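Reviewing the structure listed below.
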Protein chains: 2
Amino acid sequence: MIENKIIQQLLESGSIAIISHENPDGDCIGSMLALYLALKRKGKNARMFLKNNVPKNLRFLPAAEKIEVVDRIDEKFDVVVLLDTGELERTGIENIENCYSKLINIDHHITSEGIGDLFYINSSSAATGEIIYQIVKLMGIDNDKDIATCLYTSIFTDTGGFRYSNTTSITHQIAGDLINAGIDFVYIVNKVFDEMSLSKFNLLRDVLQTLELFEGNKIAFLSVTREMLKKNSASRDETENLINFARNIEDVEVAAIFIEEEDKIKVSLRSKYYIDCAQVAKEFGGGGHLRAAGFASRNVSLDTVKENLLKRLKRDLR
Amino acid sequence: MIENKIIQQLLESGSIAIISHENPDGDCIGSMLALYLALKRKGKNARMFLKNNVPKNLRFLPAAEKIEVVDRIDEKFDVVVLLDTGELERTGIENIENCYSKLINIDHHITSEGIGDLFYINSSSAATGEIIYQIVKLMGIDNDKDIATCLYTSIFTDTGGFRYSNTTSITHQIAGDLINAGIDFVYIVNKVFDEMSLSKFNLLRDVLQTLELFEGNKIAFLSVTREMLKKNSASRDETENLINFARNIEDVEVAAIFIEEEDKIKVSLRSKYYIDCAQVAKEFGGGGHLRAAGFASRNVSLDTVKENLLKRLKRDLR
């Protein structure tokens, strides 16, 4: 079993670096921390590296403060574990290719082919955290509350709270087992998911005012102007998920949000049942998934982008 | 085992009526329908009765259209199954006490003591749906997609999407098993939880404008005026959950929403970590739980209610 070979390699190594992708999310941070804590419990010398800071809502996680934020690594480790991505470049960290004797790659993305000396890519896992759960179990570490807190965060975030179609019966089995470790999942969900900064609340309040509906409410648009972000001291990442308020309106089949950035207009698309967002985004030079995709438009006005997209979306409506 | 006795009684009965409480929620409807469908699969003559209409977001559930909405029952059944409440009066239906030869009571509320000839009250179940799941399994009905859809709805709604503290490892095990029956849980969650009427969207947009923060953002108030409801053609039940937008703001410990009704002001309270909402509500003539409670004020202005509550909440802040 590849998991056992990975564990053997880790336990034989003197120094281990755990590294994941840029713009880290809950699965990335949660799996890094869980693996780190498990290796520490085994007495190993492990460190964690990321290009970006840990998002604010994940800083409460055990050992989150141990993650080192770097642009480049010049040391050499016996093993580098690349988590939650299948490409070294996605870490955004320079010189990684020279900083290991052995490379281990663990990921769940369907686009990953696996790189390095040992790799375990399982695209039927809802989160990289599911794979780390299995590895931690095989290492003989059971019912560790800190590790369980990190893994629950991984799985909860990458499944949108057990709501996305990647959720399987195994996901639920693992969640049940993690709960039995005594984690405070109510607190985790509050911290990671529900809590909203005041700037995000104020941004939401303003963005809801911009709703535009077309074609018998089947198409919904929301807009975020530069002025709105500035006025509310809101950051770009606080626009995330705002599109769902439009998507979730009854009768809406497809929603778009238009975000004015410095030099372009970023457009995100979400559909409910049949509109192929990936195809639409592709035609505008972007890409993504069937029900969630996006693109960016340069050198055009917000009104023109809206007009062009509306024309295109109308074609696909039933 | 009491479950087996209940099943035996049901399978021996010629006519069965399934009845649940007024103002039905997802657990109530989901468990009724699951038990009904299971009895139908066994060739039994079963019917369902409620005082109120099935809420719009639950009407897609299999057999939901078979639920009979009545004020009074004058027929006689071999068995009445009272679900999701421990009191006949809570059905709101007249004459139930005269319409059965045997009464079976199944519930998960801690306040239920159990009534009738056979009762199964399990307060460690997150939802009545969890108990019905067990009964359906014991009846030898496996992997029925329609029944699984109803049970998943029960459990998802009564646990707030596996987020409330009543969620256990068994809840997750059951959810995993239901997913294996091939249910479309993404569709269920969208229909039951995420979908928002346009009137609710517009109400939310207006309510977010009313945010008031006090004491370094530890106390948050939202208000719903009669004008807002009227202007947006929103109904009273569309104000539900709006309070969470205030509760979820970072630094907020306690949130209140003030809803102007015809003859009174309804106040709901939510706290995060330490404010005893039940106690505060009690002092204003209401009641509820530790983190969620409410009260109503008559013959006072909105400003006076706010002022009095603010004064009281300040006392409890740390």
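A note on labels: chains of the structure tokens are A, B, ... as shown, every chain counts residues from 1, and ligands are counted from 1 in their shown order.
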
- Query: What lies within 10 Å of segment 161-165 of chain B using only C-alpha atoms, ignoring chain neighbours under 4 positions off, as number ranges by chain?
  - Reply: A: 161-163, 172, 175, 184-190; B: 126, 152-153, 155-157, 171-172, 175, 189, 193

- Spatial neighbours of Tyr100 of chain B, max dist 9 Å, only C-alpha atoms, sep filter under 5 positions, as number ranges by chain: B: 16-17, 75-80

- Would you list which chain A residues are within 7 Å of chain B using only C-alpha atoms, as a count of residues only? 26

- Spatial neighbours of Ile19 of chain B, max dist 12 Å, only C-alpha atoms, sep filter under 6 positions, as a PyMOL selection string: chain B and resi 28-29+31-33+35-36+46-52+67-70+72-73+77+79-94+96-97+99-100+103-107

- Query: Can you list every residue in segment 103-265 of chain B that DSSP puts in alpha helix (DSSP H), as JSON, numbers by chain?
  - Reply: {"B": [128, 129, 130, 131, 132, 133, 134, 135, 136, 137, 138, 145, 146, 147, 148, 149, 150, 151, 152, 153, 154, 155, 156, 157, 158, 169, 170, 171, 172, 173, 174, 175, 176, 177, 178, 179, 180, 185, 186, 187, 188, 189, 198, 199, 200, 201, 202, 203, 204, 205, 206, 207, 208, 226, 227, 228, 229, 230, 231, 243, 244, 245, 246, 247]}
